[in-house]
Every structure is written in structure tokens, then in C-alpha cells.
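Visitor: Attaching a single structure in C-alpha cells format; questions to follow.
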Amino acid sequence: MAQDGKKKLTIFQKLDKFGDLFFINILFVISCIPIITIGAAVAAMYSFTIKLVNDEEETVWKGYWKAFKANFKQATKAWLIVLGIFALMYGEFVLSYSMTGFSLSLLLGLMAIQAVMLSFILPLLFPLIVRYENTTFNMFKNAFLLNISNLGTWFYLFFLWVLPIAVYALNKKVFYYTWVLWLVILIALLTYASSKVIVKLFDKIENKENEDTIK
């Protein structure tokens with residue numbers, strides 16, 4: 001009987017987490033509406049899901065907005081830089097239609113480098129902002145270096161977020177039938193799944209730093 005009670009408690013805990021993810025997904029979507037606040041919203045989402053992974057108790061409403069305010073300045077700055085890079089790449093893409101030969105190859109090569117750099121920065125950029133204090137430049141640099149030196153973690157995070165985009169690109173009907181799920185739960189679920197491996201990575205880094213300090 002005691003074993004059954006333990007199972008029920010585990011089920012209730014999972015349902016409780018699912019409810020939190022549902023609520024935080026709604027808050028995330030609402031706080032992304034101004035567009036400029038997307039960076040702060042992503043940081044707040046990661047802050048809460050990382051605490052959820054660590055089983056740290058905090059109410060969704062209070063915890064989300066607390067993290068949103070705490071990380072707003074740096075997360076917004078980082079987001080605007082990323083947005084600027086995307087705008088530059090889009091401008092280069094439009095420009096490529098009017099180019100040929102070596103100039104076109106050079107531009108496409110530059111775009112490829114920019115895309116690769118972003119792919120190795122974005123998966124850990126906002127989790128780093130949430131976890132540590134550093135300059136924005138160092139956040140970008142450290143995100144890149146951490147992903148390069150932990151390719152298994154990077155591949156998992158990259159695959160987790162890019163796979164849905166690839167599926168929708170191949171079959172637009174899938175997006176038609178699932179877009180509502182993104183508004184109510186899927187973003188939070190993917191962020192929670194990402195946070196589980198990110199927490200392990202951060203713990204590994206911090207444990208190594210502690211060992212080096214002791215030595």
C-alpha cells in the first residue's frame with residue numbers, strides 16, 4: 001500500500017508540473033507580444049523551468065515575473081543583438097537575388113558563417129544570462145565556447161528546437177493542426193526538456209570549478 005501511495009504522489013507531482021508548464025506557456029506568449037520583450041520572456045521561461053527541473057518550489061505567476069524583471073535589461077540587449085543579426089541576414093538574402101558569380105558565393109559563404117555562429121550561440125545564451133553574471137559580450141562568447149566544447153549537449157538542444165521547424169517546412173499541414181498547442185504548452189515543454197540537460201551541463205561546469213579551487 002505504501003508503494004502505491006508513493007506512485008500516486010509521483011503522478012500528482014507530474015500533473016502539477018504539467019499544470020505549471022501550461023500556465024507559464026501562456027505567460028510566455030503574452031509577454032512576447034511586444035516582440036522587443038522576447039529576450040526577457042525566454043530568460044524568464046528558462047529561469048522557471050530550470051527551477052522546475054531542480055524541484056525548487058515557486059509559484060508560476062510570481063516566479064515568472066520576478067525572473068522577467070531581473071533579467072530584462074541584459075536579456076533584451078542580447079535579443080536586440082540577435083534580432084539585428086537576423087535582420088542583417090535577411091537583407092543579405094534579399095541582396096543575393098541581384099548578385100551572381102564570385103560575389104554571390106562570397107555573400108552566401110558569409111551568411112553560412114553567420115548561421116553557424118548563431119546555431120552555436122542561441123541554445124545556451126539565455127540560460128547563461130539567467131544563471132550567471134557577466135557582460136553581454138562574454139555571454140555570447142561563453143555560449144559559443146560551451147556549445148563547441150559540449151557537442152553532445154549542443155546537438156540535443158539544436159535538434160530539439162530545429163526538428164519542429166524542419167517538420168513544418170516539409171509539411172505545412174502539420175503546423176495548421178498543431179499551432180494552438182504551441183500557444184498553450186509545446187514551448188514550455190521544449191524549454192523544460194532543454195533545461196534538464198542544461199542543468200546537468202551547468203552542474204558539471206560548477207563542480208569542475210569547485211574541484212579546481214580546492215586543488
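FYI, nothing fancy with the C-alpha cells labels: chains A, B, ... in order, residues from 1 per chain, ligands from 1 as they appear.
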Assign secondary structure with DSSP using the backbone only, and return the residues of range 28-161 of chain A in helix (DSSP H, G or I) as a PyMOL selection string.
Guide: chain A and resi 28-32+38-53+60-96+101-119+122-131+136-149+151-161
Visitor: Take the residues that were just selected and, keeping C-alpha atoms, output them as a short mmCIF file (atom, residue, chain, number, x, y, z; two decimals), in the first residue's frame.
Guide:
data_model
loop_
_atom_site.label_atom_id
_atom_site.label_comp_id
_atom_site.auth_asym_id
_atom_site.auth_seq_id
_atom_site.Cartn_x
_atom_site.Cartn_y
_atom_site.Cartn_z
CA PHE A 28 5.40 33.49 -22.16
CA VAL A 29 3.20 34.02 -25.22
CA ILE A 30 1.57 37.10 -23.68
CA SER A 31 4.91 38.65 -22.68
CA CYS A 32 6.33 38.07 -26.19
CA ILE A 38 11.04 38.23 -26.34
CA GLY A 39 14.54 38.01 -24.85
CA ALA A 40 13.31 38.73 -21.33
CA ALA A 41 10.45 36.27 -21.85
CA VAL A 42 12.84 33.49 -22.93
CA ALA A 43 15.07 34.20 -19.92
CA ALA A 44 12.07 34.10 -17.56
CA MET A 45 10.90 30.84 -19.11
CA TYR A 46 14.31 29.24 -18.65
CA SER A 47 14.61 30.59 -15.11
CA PHE A 48 11.36 28.93 -14.13
CA THR A 49 11.89 25.62 -15.97
CA ILE A 50 15.40 25.26 -14.50
CA LYS A 51 13.89 25.67 -11.04
CA LEU A 52 11.23 23.15 -12.00
CA VAL A 53 13.92 20.65 -13.00
CA VAL A 60 4.33 30.43 -11.56
CA TRP A 61 3.00 33.97 -11.58
CA LYS A 62 5.42 35.35 -9.00
CA GLY A 63 8.43 33.33 -10.22
CA TYR A 64 7.97 34.17 -13.89
CA TRP A 65 7.58 37.92 -13.49
CA LYS A 66 10.36 38.08 -10.91
CA ALA A 67 12.75 36.45 -13.40
CA PHE A 68 11.37 38.60 -16.23
CA LYS A 69 12.23 41.80 -14.35
CA ALA A 70 15.57 40.55 -13.02
CA ASN A 71 16.89 39.59 -16.47
CA PHE A 72 15.06 42.20 -18.54
CA LYS A 73 17.96 44.58 -19.23
CA GLN A 74 20.61 42.07 -20.33
CA ALA A 75 18.20 39.61 -21.98
CA THR A 76 16.64 42.43 -24.02
CA LYS A 77 20.07 43.70 -25.06
CA ALA A 78 21.09 40.19 -26.14
CA TRP A 79 17.81 39.72 -28.00
CA LEU A 80 18.20 43.00 -29.89
CA ILE A 81 21.69 41.93 -31.00
CA VAL A 82 20.30 38.58 -32.22
CA LEU A 83 17.41 40.37 -33.91
CA GLY A 84 19.89 42.70 -35.61
CA ILE A 85 21.87 39.72 -36.92
CA PHE A 86 18.70 38.12 -38.27
CA ALA A 87 17.76 41.41 -39.96
CA LEU A 88 21.25 41.61 -41.49
CA MET A 89 20.99 38.04 -42.77
CA TYR A 90 17.57 38.73 -44.26
CA GLY A 91 18.96 41.81 -46.01
CA GLU A 92 21.84 39.70 -47.35
CA PHE A 93 19.37 37.05 -48.52
CA VAL A 94 17.32 39.64 -50.44
CA LEU A 95 20.53 41.14 -51.88
CA SER A 96 21.68 37.71 -53.09
CA GLY A 101 29.33 34.68 -59.67
CA PHE A 102 32.02 35.21 -57.07
CA SER A 103 30.14 38.00 -55.26
CA LEU A 104 27.17 35.70 -54.74
CA SER A 105 29.38 32.87 -53.48
CA LEU A 106 31.11 35.25 -51.08
CA LEU A 107 27.79 36.52 -49.72
CA LEU A 108 26.36 33.01 -49.32
CA GLY A 109 29.54 31.96 -47.51
CA LEU A 110 29.19 34.92 -45.14
CA MET A 111 25.56 34.01 -44.47
CA ALA A 112 26.53 30.40 -43.79
CA ILE A 113 29.15 31.52 -41.25
CA GLN A 114 26.61 33.79 -39.53
CA ALA A 115 24.05 30.96 -39.40
CA VAL A 116 26.57 28.51 -37.92
CA MET A 117 27.71 31.07 -35.32
CA LEU A 118 24.12 31.71 -34.26
CA SER A 119 23.36 27.99 -34.08
CA LEU A 122 21.48 30.62 -29.16
CA PRO A 123 20.95 27.25 -27.36
CA LEU A 124 22.81 28.43 -24.23
CA LEU A 125 22.71 32.23 -24.47
CA PHE A 126 19.63 32.92 -22.36
CA PRO A 127 20.21 30.10 -19.85
CA LEU A 128 23.67 31.63 -19.21
CA ILE A 129 22.10 35.06 -18.68
CA VAL A 130 19.75 33.51 -16.13
CA ARG A 131 22.45 31.55 -14.30
CA THR A 136 26.73 40.67 -22.71
CA PHE A 137 29.74 40.14 -24.98
CA ASN A 138 31.05 37.41 -22.66
CA MET A 139 27.60 35.79 -22.58
CA PHE A 140 27.74 35.43 -26.37
CA LYS A 141 31.35 34.23 -26.27
CA ASN A 142 30.78 31.74 -23.46
CA ALA A 143 27.61 30.38 -25.07
CA PHE A 144 29.57 29.71 -28.26
CA LEU A 145 32.55 28.13 -26.47
CA LEU A 146 30.37 25.97 -24.21
CA ASN A 147 28.42 24.59 -27.16
CA ILE A 148 31.60 23.92 -29.11
CA SER A 149 33.15 22.07 -26.17
CA LEU A 151 28.78 18.98 -28.79
CA GLY A 152 26.51 16.27 -27.40
CA THR A 153 24.52 18.81 -25.39
CA TRP A 154 24.53 21.27 -28.30
CA PHE A 155 23.26 18.64 -30.74
CA TYR A 156 20.44 17.65 -28.38
CA LEU A 157 19.32 21.29 -27.91
CA PHE A 158 19.72 22.15 -31.58
CA PHE A 159 17.83 19.05 -32.73
CA LEU A 160 15.07 19.61 -30.15
CA TRP A 161 14.24 23.09 -31.47
#
Visitor: Between CA of Thr59 in chain A and CA of Leu181 in chain A, what is the spacing in Å?
Guide: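 Result for CA of Leu181 in chain A versus CA of Thr59 in chain A: 22.7 Å, one decimal.
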Visitor: Just to confirm, what's the straight-line distance from CA of Phe22 in chain A to CA of Ala188 in chain A in Å (one decimal)?
Guide: 7.1 Å
Visitor: Just give me the gap between CA of Trp182 in chain A and CA of Ala166 in chain A in Å, one decimal is fine.
Guide: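 Between CA of Trp182 in chain A and CA of Ala166 in chain A the gap works out to 15.3 Å.
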Visitor: Go through A:Ala169, A:Met99, A:Val180, A:Ile121 and flag the residue nearest Ile26 in chain A, using only C-alpha atoms for the distances.
Guide: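 Looking only at the distances to Ile26 in chain A, the closest residue turns out to be A:Val180.
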